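Following: one structure in structure tokens, then a few remarks.
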Amino acid sequence: MFEDKSFWNHDFLSISKHRLLSHYRNPNSKDDDIVLILAYLDNEIVGYMGVFIDQIILDNVETKIGWLTTWWVHPKKTFRLGVGRQILDTAYQINNGRVGISQFTKSAKRVYDKTGYFNTLKENHGVKAVLRSNLIFVIPKLYPKLSSLSPLLNFTDSFLNLFIDLKLDLQQKSLSRKLKNIQLEYLNKPDTEVLELIERYGKNDIAHKKEDYFEWLKAYYWVQEAPLLEFTNKDKYEFSIYDHQFNIYYIKVIKDSECIGFLVLQRRNNVCKLLFAYYDHTIHANIMADIIKLQCVRQNIREIICYDEAICDNFKKSNLFIYKTKKLKQSIISKAFEKTDFSDVKMNFGDGDCCFA
């Protein structure tokens with residue numbers, strides 16, 4: 001497929017080259033796993049679905065799952081043909097019914113409910129904590145027709161943030177003082193101490209992340225940084241392919257020569273997401289929260305999205321932010337797993353395919 005020019009020169013992309021390579025390098029994927037389903041009509045591609053292969057643990061048994069990721073059908077060429085449902089059914093069948101979805105739109109949820117395939121896996125409650133004015137992102141998302149006002153929104157953001165940054169400059173000095181006894185290491189992959197920490201605090205996680213997973217995640221981003229974004233083919237793909245800024249940080253936290261925490265942060269432009277956090281929630285939550293806040297202030301981040309309960313509690317009480325809003329992340333899993341009570345399972349923000357875009 002990599003060498004098939006007709007596939008890559010199609011009117012639209014069914015996947016990006018770097019996302020396909022990431023699937024190929026996935027340590028949990030085997031050679032016979034299917035990671036991309038294509039729908040054809042009259043020998044023409046009219047829809048597709050991506051599948052991320054993972055290993056999860058339910059009732060102390062490790063088993064394979066296909067997390068459904070991208071799902072798209074041509075709006076005109078498939079009108080009333082039920083192609084989208086056929087793609088979903090195919091994904092279900094080729095994975096022996098063992099599929100899940102870790103985040104989705106309301107319209108997609110209605111389709112999932114109609115299939116009768118799924119049970120609720122988790123409803124994670126989190127926080128969006130806003131540090132700076134971000135109208136240029138928020139307004140077009142809520143009101144797409146106003147995207148033409150981007151220059152005005154950008155100017156408004158810049159003007160408001162002149163004053164907000166003065167406030168943040170004073171507050172970051174306070175954060176720095178709180179962390180004066182903390183040392184950080186930015187890693188490419190977890191070292192032995194971090195792996196021990198992950199093992200200790202990740203026992204109830206739905207997926208036990210290992211060294212090879214983190215090494216792979218850092219090496220094969222699904223979103224590539226593209227400073228000259230306007231010259232790329234991003235508009236040919238309905239999902240994430242490039243963006244101005246994208247990075248994932250592995251942060252090892254050390255206090256008194258002891259590793260006390262490991263944070264995995266994703267930065268995409270002006271938004272930061274806490275994907276994973278391994279630490280003692282009863283002792284070190286404030287330290288982890290302050291590290292995240294300080295890094296985000298320094299990086300000119302405008303909003304932080306977090307589902308870690310203890311860190312969210314810190315954010316809710318903090319006067320660092322302009323405002324905070326509630327977030328809900330829904331996850332579903334197929335009935336083929338023959339489990340309905342998932343109260344003993346922890347679902348991190350980064351589980352499923354949420355790390356990648």
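Chain labels run A, B, ... following the order of the structure tokens; each chain numbers its residues from 1, and ligands are numbered from 1 in the order shown.
Those residues that approach Leu263 in chain A to within 6 Å, counting only C-alpha atoms, are Tyr250, Ile251, Phe276 and Ala277 of chain A; same-chain residues fewer than 3 positions away are not listed.
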Which residues of range 86-160 of chain A have any atom within 12 Å of an atom in range 204-213 of chain A when counting only C-alpha atoms, and what is the closest pair of atoms for each, with the distance in Å to one decimal? Order the rows by chain and rising number and write it as JSON lines.
```
{"residue": "A:Gly100", "atom": "CA", "partner": "A:Ile206", "partner_atom": "CA", "distance": 11.9}
{"residue": "A:Ser102", "atom": "CA", "partner": "A:Ile206", "partner_atom": "CA", "distance": 11.7}
{"residue": "A:Leu121", "atom": "CA", "partner": "A:Ile206", "partner_atom": "CA", "distance": 10.1}
{"residue": "A:Lys122", "atom": "CA", "partner": "A:Ile206", "partner_atom": "CA", "distance": 10.6}
```
Could you take the residues named above and write them with N, CA and C atoms, as an mmCIF file, in the first residue's frame?
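Result written to result36.cif:
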```cif
data_model
loop_
_atom_site.group_PDB
_atom_site.id
_atom_site.type_symbol
_atom_site.label_atom_id
_atom_site.label_comp_id
_atom_site.auth_asym_id
_atom_site.auth_seq_id
_atom_site.Cartn_x
_atom_site.Cartn_y
_atom_site.Cartn_z
ATOM 1 N N GLY A 100 -14.046 -1.921 20.836
ATOM 2 C CA GLY A 100 -14.435 -0.865 21.762
ATOM 3 C C GLY A 100 -14.231 0.481 21.112
ATOM 4 N N SER A 102 -13.301 4.529 22.405
ATOM 5 C CA SER A 102 -12.900 5.260 23.605
ATOM 6 C C SER A 102 -13.309 6.730 23.595
ATOM 7 N N LEU A 121 -18.632 1.144 28.955
ATOM 8 C CA LEU A 121 -17.397 0.762 29.631
ATOM 9 C C LEU A 121 -17.111 1.731 30.774
ATOM 10 N N LYS A 122 -17.003 3.000 30.462
ATOM 11 C CA LYS A 122 -16.732 4.013 31.484
ATOM 12 C C LYS A 122 -17.296 5.361 31.055
#
```
Within 12 Å of Gln299 in chain A using only C-alpha atoms, minus same-chain residues under 3 positions, as a ChimeraX atom specification:
/A:131-132,165,168,172,245,247,267-272,292-296,302-304
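Our summary of the geometry notes that CA of Asn60 in chain A is positioned 10.5 Å from CA of Val345 in chain A.
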Can you list, as a ChimeraX atom specification, all residues belonging to range 147-211 of chain A that DSSP tags as strand (DSSP E)?
/A:182-187
Could you give me, as CSV, a per-residue list for range 212-240 of chain A showing, wherever an atom lies at most 12 Å from an atom of range 38-49 of chain A, the closest pair of atoms and their distance in Å to one decimal, using only C-alpha atoms and sorting by chain then residue number from low to high?
```
residue,atom,partner,partner_atom,distance
A:Tyr237,CA,A:Tyr48,CA,11.3
A:Glu238,CA,A:Tyr48,CA,10.8
A:Phe239,CA,A:Met49,CA,11.2
```
Residue nearest Asn181 in chain A among A:Lys236, A:His281, A:Lys255, A:Lys324 (counting only C-alpha atoms):
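Smallest separation from Asn181 in chain A among the options: A:Lys255.
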Just want the 8 Å neighbourhood of Ile37 in chain A, counted on only C-alpha atoms, with same-chain residues fewer than 3 positions away dropped. Output as a PyMOL selection string.
chain A and resi 34+48-50+87+90-91
Could the residues in this selection be written to a file with all heavy atoms, as a PDB file, in the first residue's frame?
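The result, written out as part39.pdb:
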```
ATOM      1  N   ILE A  34      -6.073  -6.663  10.941  1.00  0.00           N
ATOM      2  CA  ILE A  34      -6.570  -5.695   9.958  1.00  0.00           C
ATOM      3  C   ILE A  34      -6.766  -4.355  10.662  1.00  0.00           C
ATOM      4  O   ILE A  34      -7.524  -4.257  11.630  1.00  0.00           O
ATOM      5  CB  ILE A  34      -7.891  -6.179   9.337  1.00  0.00           C
ATOM      6  CG1 ILE A  34      -7.641  -7.468   8.541  1.00  0.00           C
ATOM      7  CG2 ILE A  34      -8.488  -5.103   8.431  1.00  0.00           C
ATOM      8  CD1 ILE A  34      -8.901  -8.113   8.008  1.00  0.00           C
ATOM      9  N   TYR A  48     -14.298   4.282   4.953  1.00  0.00           N
ATOM     10  CA  TYR A  48     -13.219   3.560   5.623  1.00  0.00           C
ATOM     11  C   TYR A  48     -13.401   3.607   7.130  1.00  0.00           C
ATOM     12  O   TYR A  48     -14.171   4.416   7.670  1.00  0.00           O
ATOM     13  CB  TYR A  48     -11.852   4.149   5.245  1.00  0.00           C
ATOM     14  CG  TYR A  48     -11.698   5.626   5.526  1.00  0.00           C
ATOM     15  CD1 TYR A  48     -11.351   6.094   6.794  1.00  0.00           C
ATOM     16  CD2 TYR A  48     -11.876   6.581   4.515  1.00  0.00           C
ATOM     17  CE1 TYR A  48     -11.192   7.447   7.054  1.00  0.00           C
ATOM     18  CE2 TYR A  48     -11.733   7.932   4.760  1.00  0.00           C
ATOM     19  CZ  TYR A  48     -11.392   8.359   6.028  1.00  0.00           C
ATOM     20  OH  TYR A  48     -11.251   9.699   6.283  1.00  0.00           O
ATOM     21  N   MET A  49     -12.708   2.703   7.791  1.00  0.00           N
ATOM     22  CA  MET A  49     -12.634   2.703   9.253  1.00  0.00           C
ATOM     23  C   MET A  49     -11.254   2.237   9.672  1.00  0.00           C
ATOM     24  O   MET A  49     -10.721   1.259   9.137  1.00  0.00           O
ATOM     25  CB  MET A  49     -13.692   1.787   9.864  1.00  0.00           C
ATOM     26  CG  MET A  49     -13.594   1.664  11.394  1.00  0.00           C
ATOM     27  SD  MET A  49     -14.919   0.669  12.122  1.00  0.00           S
ATOM     28  CE  MET A  49     -16.263   1.865  12.129  1.00  0.00           C
ATOM     29  N   GLY A  50     -10.645   2.940  10.625  1.00  0.00           N
ATOM     30  CA  GLY A  50      -9.367   2.544  11.191  1.00  0.00           C
ATOM     31  C   GLY A  50      -9.581   1.763  12.484  1.00  0.00           C
ATOM     32  O   GLY A  50     -10.537   2.007  13.224  1.00  0.00           O
ATOM     33  N   ILE A  87     -19.613  -1.064   7.204  1.00  0.00           N
ATOM     34  CA  ILE A  87     -18.217  -0.981   7.638  1.00  0.00           C
ATOM     35  C   ILE A  87     -18.105  -1.357   9.108  1.00  0.00           C
ATOM     36  O   ILE A  87     -17.222  -2.119   9.511  1.00  0.00           O
ATOM     37  CB  ILE A  87     -17.654   0.440   7.403  1.00  0.00           C
ATOM     38  CG1 ILE A  87     -17.623   0.773   5.916  1.00  0.00           C
ATOM     39  CG2 ILE A  87     -16.252   0.569   8.000  1.00  0.00           C
ATOM     40  CD1 ILE A  87     -17.235   2.212   5.615  1.00  0.00           C
ATOM     41  N   THR A  90     -18.516  -5.020   9.600  1.00  0.00           N
ATOM     42  CA  THR A  90     -17.310  -5.730   9.156  1.00  0.00           C
ATOM     43  C   THR A  90     -16.216  -5.661  10.208  1.00  0.00           C
ATOM     44  O   THR A  90     -15.560  -6.666  10.515  1.00  0.00           O
ATOM     45  CB  THR A  90     -16.798  -5.143   7.828  1.00  0.00           C
ATOM     46  OG1 THR A  90     -17.822  -5.248   6.835  1.00  0.00           O
ATOM     47  CG2 THR A  90     -15.557  -5.884   7.347  1.00  0.00           C
ATOM     48  N   ALA A  91     -16.027  -4.474  10.794  1.00  0.00           N
ATOM     49  CA  ALA A  91     -15.029  -4.323  11.854  1.00  0.00           C
ATOM     50  C   ALA A  91     -15.353  -5.227  13.038  1.00  0.00           C
ATOM     51  O   ALA A  91     -14.456  -5.839  13.635  1.00  0.00           O
ATOM     52  CB  ALA A  91     -14.958  -2.865  12.302  1.00  0.00           C
TER      53      ALA A  91
END
```
Near-Gly352 in chain A list (9 Å; only C-alpha atoms; drop same-chain fewer than 6 positions) as a ChimeraX atom specification:
/A:52,54,66-69,100-103,207,331
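The shortest atom-to-atom distance to Phe163 in chain A, with only C-alpha atoms taken into account, belongs to A:Ile322 out of A:Leu20, A:Ile322, A:Cys355, A:Ile56.
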Residue neighbourhood range 184-201 of chain A, 6 Å, only C-alpha atoms, exclusion window fewer than 6 positions, as a short mmCIF file (atom, residue, chain, number, x, y, z; two decimals) with N, CA, C and O atoms, in the first residue's frame:
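Output file part_4.cif follows:
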```cif
data_model
loop_
_atom_site.label_atom_id
_atom_site.label_comp_id
_atom_site.auth_asym_id
_atom_site.auth_seq_id
_atom_site.Cartn_x
_atom_site.Cartn_y
_atom_site.Cartn_z
N PHE A 214 5.27 2.55 25.34
CA PHE A 214 5.69 3.95 25.45
C PHE A 214 6.78 4.30 24.44
O PHE A 214 6.81 5.42 23.92
N GLU A 215 7.65 3.37 24.16
CA GLU A 215 8.69 3.62 23.17
C GLU A 215 8.06 3.81 21.79
O GLU A 215 8.45 4.69 21.03
N TYR A 250 7.17 12.69 28.28
CA TYR A 250 7.27 11.72 29.36
C TYR A 250 8.07 12.39 30.47
O TYR A 250 9.28 12.66 30.31
N ILE A 251 7.43 12.64 31.59
CA ILE A 251 8.06 13.40 32.67
C ILE A 251 8.21 12.52 33.91
O ILE A 251 7.21 12.11 34.52
N LYS A 252 9.44 12.26 34.28
CA LYS A 252 9.75 11.52 35.50
C LYS A 252 9.94 12.52 36.63
O LYS A 252 10.72 13.48 36.50
N VAL A 253 9.22 12.32 37.73
CA VAL A 253 9.24 13.27 38.85
C VAL A 253 10.03 12.65 40.01
O VAL A 253 9.74 11.53 40.45
N TYR A 278 0.99 8.37 36.90
CA TYR A 278 1.27 7.28 37.85
C TYR A 278 1.95 7.89 39.07
O TYR A 278 3.08 8.42 38.97
#
```
Rows by chain and residue number, range 230-292 of chain A within 10 Å of range 346-350 of chain A, shortest pair, only C-alpha atoms, as JSON lines:
```
{"residue": "A:Val264", "atom": "CA", "partner": "A:Gly350", "partner_atom": "CA", "distance": 8.7}
{"residue": "A:Leu265", "atom": "CA", "partner": "A:Gly350", "partner_atom": "CA", "distance": 9.5}
{"residue": "A:Gln266", "atom": "CA", "partner": "A:Gly350", "partner_atom": "CA", "distance": 9.5}
{"residue": "A:Lys273", "atom": "CA", "partner": "A:Phe349", "partner_atom": "CA", "distance": 8.4}
{"residue": "A:Leu274", "atom": "CA", "partner": "A:Phe349", "partner_atom": "CA", "distance": 7.1}
{"residue": "A:Leu275", "atom": "CA", "partner": "A:Gly350", "partner_atom": "CA", "distance": 4.2}
{"residue": "A:Phe276", "atom": "CA", "partner": "A:Gly350", "partner_atom": "CA", "distance": 6.0}
{"residue": "A:Ala277", "atom": "CA", "partner": "A:Asn348", "partner_atom": "CA", "distance": 8.4}
```
Hey, what's within 8 Å of range 223-226 of chain A if we count only C-alpha atoms and toss same-chain stuff fewer than 4 positions away? As a VMD selection string, please?
chain A and resid 19 232 240 to 246 356 to 357
Determine which residues of range 90-325 of chain A DSSP labels as helix (DSSP H, G or I) from the backbone of this structure, then write them out as a PyMOL selection string.
chain A and resi 90-94+106-115+135-142+144-178+192-201+211-219+229-231+234-236+285-298+309-317
